[in-house]
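run_3.txt (compact mmCIF, C-alpha atoms)
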# COMPACT_ATOMS: atom_id res chain seq x y z
CA MET A 54 292.50 142.61 -39.64
CA TRP A 55 290.96 141.84 -36.27
CA ASN A 56 292.09 139.98 -33.21
CA ILE A 57 289.30 137.82 -31.76
CA ASP A 58 289.67 137.14 -28.02
CA LEU A 59 288.81 140.16 -25.86
CA THR A 60 288.62 142.30 -28.99
CA LEU A 61 285.52 140.85 -30.64
CA VAL A 62 284.41 138.18 -28.13
CA ASP A 63 285.07 137.05 -24.57
CA VAL A 64 284.84 133.28 -24.22
CA ALA A 65 287.70 132.91 -21.75
CA GLN A 66 285.92 130.48 -19.45
CA VAL A 67 285.20 128.02 -22.25
CA THR A 68 288.70 128.41 -23.69
CA ARG A 69 290.38 127.74 -20.33
CA ALA A 70 288.34 124.56 -19.83
CA ALA A 71 289.30 123.34 -23.32
CA TYR A 72 292.98 124.13 -22.69
CA ALA A 73 292.92 122.15 -19.44
CA GLU A 74 291.27 119.10 -21.00
CA ALA A 75 293.56 119.05 -24.04
CA PHE A 76 296.73 119.60 -22.02
CA GLU A 77 296.03 116.77 -19.60
CA GLN A 78 294.98 114.46 -22.42
CA VAL A 79 298.25 115.00 -24.29
CA THR A 80 300.71 115.20 -21.39
CA GLY A 81 299.01 113.16 -18.67
CA VAL A 82 299.61 116.10 -16.32
CA PRO A 83 296.86 118.40 -14.97
CA LEU A 84 297.05 122.00 -16.09
CA VAL A 85 297.61 123.72 -12.76
CA TYR A 86 299.54 126.83 -13.75
CA LEU A 87 298.12 128.95 -16.55
CA ALA A 88 299.97 131.35 -18.80
CA SER A 89 299.25 134.79 -20.20
CA THR A 90 297.40 134.34 -23.48
CA GLY A 91 297.17 137.92 -24.77
CA GLY A 92 298.89 138.23 -28.12
CA ARG A 93 300.09 134.62 -28.12
CA THR A 94 299.19 131.79 -30.45
CA ASP A 95 297.88 128.48 -29.14
CA SER A 96 301.19 126.83 -30.01
CA GLU A 97 303.13 129.42 -27.98
CA ILE A 98 300.69 128.99 -25.11
CA PHE A 99 301.13 125.22 -25.13
CA PHE A 100 304.90 125.43 -24.72
CA GLU A 101 304.52 127.97 -21.92
CA PHE A 102 302.07 125.58 -20.24
CA LEU A 103 304.74 122.87 -20.46
CA ALA A 104 307.33 125.11 -18.82
CA ARG A 105 305.05 126.44 -16.09
CA ASN A 106 303.78 122.98 -15.19
CA ASP A 107 307.27 121.44 -15.29
CA VAL A 108 306.48 118.95 -18.04
CA ARG A 109 309.65 117.69 -19.67
CA LEU A 110 309.60 116.19 -23.12
CA ASP A 111 311.60 113.15 -24.12
CA PRO A 112 314.16 113.63 -26.92
CA GLY A 113 312.34 113.65 -30.23
CA GLU A 114 308.92 113.99 -28.62
CA GLU A 115 306.74 116.51 -30.48
CA PRO A 116 303.29 116.71 -28.88
CA LEU A 117 302.19 120.03 -30.39
CA SER A 118 300.13 118.55 -33.22
CA ASP A 119 298.43 116.21 -30.74
CA PHE A 120 297.62 119.18 -28.51
CA VAL A 121 296.15 121.16 -31.42
CA ASP A 122 293.93 118.21 -32.36
CA ALA A 123 292.87 117.66 -28.75
CA LEU A 124 292.20 121.36 -28.27
CA GLY A 125 289.92 121.47 -31.29
CA GLU A 126 287.97 118.45 -30.03
CA ALA A 127 287.74 119.79 -26.48
CA PHE A 128 286.48 123.14 -27.72
CA ALA A 129 283.97 121.55 -30.10
CA ARG A 130 282.43 119.66 -27.18
CA ARG A 131 281.82 123.01 -25.49
CA ARG A 132 280.37 124.97 -28.42
CA ASP A 133 276.95 125.04 -26.80
CA GLN A 134 278.49 126.84 -23.82
CA LEU A 135 279.84 129.79 -25.80
CA THR A 136 276.78 132.01 -25.65
CA ALA A 137 275.91 130.90 -22.11
CA ARG A 138 279.37 131.53 -20.67
CA GLY A 139 280.69 134.09 -23.12
CA ARG A 140 279.69 137.27 -24.92
CA ALA A 141 280.37 139.42 -27.91
CA MET A 142 282.28 142.53 -26.90
CA SER A 143 280.22 145.71 -26.71
CA GLY A 144 279.78 147.19 -30.17
CA ALA A 145 281.47 144.33 -32.01
CA PRO A 146 278.74 143.66 -34.63
CA GLU A 147 278.26 147.36 -35.31
CA ALA A 148 282.02 147.91 -35.54
CA LEU A 149 282.44 145.09 -38.06
CA ALA A 150 279.53 146.41 -40.10
CA ALA A 151 280.88 149.96 -40.06
CA VAL A 152 284.41 149.04 -41.13
CA GLY A 153 283.08 146.57 -43.69
CA GLY A 154 281.08 149.40 -45.25
CA LEU A 155 284.23 151.30 -46.19
CA GLU A 156 285.04 151.27 -49.89
CA ASP A 157 287.56 148.65 -51.09
CA THR A 158 287.80 147.12 -47.63
CA VAL A 159 288.30 143.44 -46.85
CA GLN A 160 288.03 142.25 -43.24
CA THR A 161 289.55 139.13 -41.75
CA VAL A 162 291.17 137.95 -38.52
CA VAL A 163 294.67 137.32 -37.27
CA THR A 164 294.27 135.32 -34.09
CA GLY A 165 296.20 133.06 -31.79
CA ALA A 166 293.32 130.56 -31.80
CA ILE A 167 293.41 127.55 -34.07
CA MET A 168 291.13 127.92 -37.08
CA ALA A 169 288.29 125.62 -35.98
CA ASN A 170 288.04 127.34 -32.60
CA ALA A 171 288.27 130.81 -34.10
CA VAL A 172 285.41 130.09 -36.48
CA ALA A 173 283.33 128.63 -33.63
CA LYS A 174 283.88 131.72 -31.47
CA LEU A 175 282.81 134.11 -34.20
CA SER A 176 279.88 132.11 -35.54
CA ALA A 177 278.42 131.65 -32.04
CA PHE A 178 277.75 135.39 -31.95
CA GLY A 179 276.96 135.90 -35.64
CA LEU A 180 280.20 137.77 -36.37
CA ASP A 181 281.64 135.44 -39.00
CA GLY A 182 279.52 136.87 -41.82
CA TYR A 183 281.40 140.17 -41.71
CA LEU A 184 284.77 138.52 -42.29
CA ASP A 185 286.62 136.65 -45.03
CA LEU A 186 287.98 133.85 -42.87
CA SER A 187 289.49 132.00 -45.85
CA ILE A 188 292.41 134.44 -45.86
CA GLY A 189 292.85 134.79 -42.09
CA GLY A 190 295.85 133.96 -39.92
CA PHE A 191 295.33 131.35 -37.21
CA GLY A 192 297.27 129.82 -34.34
CA SER A 193 297.15 126.41 -36.00
CA GLU A 194 299.78 127.66 -38.45
CA HIS A 195 302.50 127.74 -35.76
CA TYR A 196 303.86 131.16 -36.75
CA PRO A 197 304.09 134.27 -34.56
CA LYS A 198 301.44 136.88 -35.18
CA GLY A 199 303.80 139.28 -36.94
CA SER A 200 304.35 136.65 -39.63
CA LEU A 201 300.65 135.79 -39.73
CA ILE A 202 299.85 139.42 -40.53
CA GLN A 203 302.22 139.35 -43.49
CA PHE A 204 300.88 136.01 -44.73
CA THR A 205 297.32 137.28 -44.42
CA ARG A 206 298.07 140.33 -46.53
CA MET A 207 299.54 138.07 -49.25
CA ARG A 208 296.55 135.72 -49.11
CA ALA A 209 294.18 138.67 -49.45
CA ALA A 210 296.01 139.83 -52.57
CA GLN A 211 295.86 136.37 -54.12
CA ALA A 212 292.20 135.88 -53.25
CA HIS A 213 290.94 139.29 -54.32
CA GLY A 214 293.21 139.96 -57.28
CA PHE A 215 294.74 143.21 -56.14
CA ALA A 216 297.49 144.23 -53.75
CA PHE A 217 296.96 145.37 -50.18
CA PRO A 218 299.97 147.61 -49.47
CA GLU A 219 301.39 147.75 -45.96
CA TRP A 220 300.09 151.30 -45.46
CA SER A 221 296.55 150.17 -46.28
CA THR A 222 296.30 147.50 -43.58
CA VAL A 223 295.38 147.83 -39.91
CA TYR A 224 295.28 145.36 -37.04
CA ILE A 225 292.68 145.99 -34.34
CA SER A 226 293.41 144.31 -31.01
CA ASP A 227 293.48 144.68 -27.24
CA SER A 228 296.99 143.62 -26.17
CA PRO A 229 300.44 145.24 -26.30
CA ARG A 230 301.89 142.06 -27.82
CA ASP A 231 299.42 142.38 -30.69
CA VAL A 232 300.39 146.01 -31.17
CA GLU A 233 304.01 144.91 -31.41
CA ALA A 234 303.04 142.14 -33.84
CA ALA A 235 301.26 144.67 -36.04
CA LEU A 236 304.39 146.80 -36.21
CA ILE A 237 306.50 143.74 -37.05
CA GLY A 238 303.98 142.75 -39.72
CA HIS A 239 303.90 146.32 -41.11
CA ALA A 240 300.24 146.99 -40.33
CA THR A 241 299.01 150.01 -38.38
CA PRO A 242 297.90 148.93 -34.89
CA ILE A 243 294.61 150.19 -33.50
CA GLY A 244 294.33 149.40 -29.80
CA VAL A 245 291.09 148.75 -27.94
CA VAL A 246 291.00 148.97 -24.13
CA SER A 247 288.84 145.85 -23.79
CA GLY A 248 291.35 143.38 -22.37
CA SER A 249 293.71 143.70 -19.43
CA ALA A 250 295.94 146.37 -20.98
CA THR A 251 295.54 150.07 -20.28
CA GLU A 252 295.57 152.84 -22.86
CA SER A 253 299.06 153.86 -21.77
CA GLN A 254 300.34 150.29 -22.19
CA LEU A 255 298.88 150.08 -25.69
CA ARG A 256 300.38 153.43 -26.62
CA SER A 257 303.75 152.49 -25.14
CA ALA A 258 303.74 149.38 -27.31
CA GLY A 259 303.28 151.59 -30.37
CA ALA A 260 299.56 152.14 -30.91
CA LYS A 261 298.88 155.62 -32.25
CA TYR A 262 295.13 155.01 -32.22
CA VAL A 263 293.47 153.70 -29.05
CA LEU A 264 289.73 153.27 -28.49
CA GLU A 265 287.99 152.78 -25.17
CA ASP A 266 285.80 150.09 -26.77
CA LEU A 267 284.09 149.36 -30.10
CA THR A 268 280.86 151.22 -29.44
CA ASP A 269 282.00 154.50 -31.02
CA THR A 270 281.89 153.42 -34.66
CA VAL A 271 282.42 156.97 -35.91
CA ARG A 272 285.74 157.19 -34.08
CA LEU A 273 286.72 153.68 -35.19
CA VAL A 274 286.02 154.39 -38.84
CA SER A 275 287.86 157.70 -38.56
CA ALA A 276 290.92 155.91 -37.13
CA VAL A 277 290.84 153.30 -39.89
CA ARG A 278 290.51 155.95 -42.58
CA GLU A 279 293.32 158.07 -41.17
CA ALA A 280 295.59 155.05 -40.64
CA THR A 281 295.12 153.88 -44.23
CA SER A 282 295.29 157.29 -45.90
CA GLY A 283 299.04 157.18 -46.27
CA THR A 284 299.35 160.33 -44.18
CA GLY A 285 298.24 159.11 -40.69
Translate this file's structure into structure tokens.
Amino acid sequence: MWNIDLTLVDVAQVTRAAYAEAFEQVTGVPLVYLASTGGRTDSEIFFEFLARNDVRLDPGEEPLSDFVDALGEAFARRRDQLTARGRAMSGAPEALAAVGGLEDTVQTVVTGAIMANAVAKLSAFGLDGYLDLSIGGFGSEHYPKGSLIQFTRMRAAQAHGFAFPEWSTVYISDSPRDVEAALIGHATPIGVVSGSATESQLRSAGAKYVLEDLTDTVRLVSAVREATSGTG
């Protein structure tokens, strides 16, 4: 399982603009104060935006679904900006190809982004073809990432007709919160120092395997093999 943002792609500028448009559309309040997004789902981010920008909901008001819809529309309007203002992370295509070449391996994503936006981010850089996105975990499901990892493992078993034991699954990501989510979801975390977190922060969160980036496919494949050997 792969995280997307700052693990496989960096489209932060486009994402921030879409957040701002969707937030103001739904709340009527400009998005002035941002929130940390690493390891969080879009639903978690929305509620932190509300708190940071002092937006108070009326009793019974539930704007999350409206925000998700608005976010998807705002992002779709900016799809042509993804390659101009974003990039695939160094080594991402080669890393996906290398891991995908391992025997009996299925690759997908567990991401905080809603599904439509996640697919757009990956397809913009030609990364979607390496992944089975039909079984992925997305921020539009309104569950924390630890739960999404467990759901994704169950979906993979249903879709492919054989079990994926906890010891046979890894989650590759760049943030300490994702490392913690992997441990909660009973997947082995593999950290990549491609976001704002340092190697020591990723290791402190519980990552036994930490890569400087995705360009060393030999080391990546070795980490995946060792993590899923049952002895790593």
To one decimal in Å, tell me the separation between CA of Phe215 in chain A and CA of Gly238 in chain A. 18.8 Å
A:Leu236, A:Leu110, A:Met168, A:Ile57: which is nearest Gly81 in chain A, counting only C-alpha atoms?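 Selected residue with least distance to Gly81 in chain A: A:Leu110.
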What does the distance from CA of Thr94 in chain A to CA of Glu194 in chain A come to in Å, to one decimal?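 Computing the Euclidean distance for CA of Thr94 in chain A and CA of Glu194 in chain A yields 9.0 Å.
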Go through A:Gly248, A:Ile225, A:Trp55, A:Gln211 and flag the residue nearest Lys261 in chain A, using all atoms listed in the file for the distances.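 Checking each candidate against Lys261 in chain A, we get A:Ile225 as the closest.
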Set the distance at 7 Å and use only C-alpha atoms: which residues neighbour Ala141 in chain A once local chain neighbours fewer than 2 positions away are removed? I'd like the list as a list in words.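 Surrounding residues, per the criterion: Leu61, Val62, Asp63, Ser143, Ala145 and Phe178 of chain A.
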Selection file, C-alpha atoms, as a PDB file, in the coordinates of the input:
ATOM      1  CA  LEU A  61     285.520 140.850 -30.640  1.00  0.00           C
ATOM      2  CA  VAL A  62     284.410 138.180 -28.130  1.00  0.00           C
ATOM      3  CA  ASP A  63     285.070 137.050 -24.570  1.00  0.00           C
ATOM      4  CA  SER A 143     280.220 145.710 -26.710  1.00  0.00           C
ATOM      5  CA  ALA A 145     281.470 144.330 -32.010  1.00  0.00           C
ATOM      6  CA  PHE A 178     277.750 135.390 -31.950  1.00  0.00           C
TER       7      PHE A 178
END
Spatial neighbours of Ser187 in chain A, 10 Å, only C-alpha atoms, chain gap at least 3 places, as a ChimeraX atom specification: /A:161-162,168,184,190,205,208-209,212
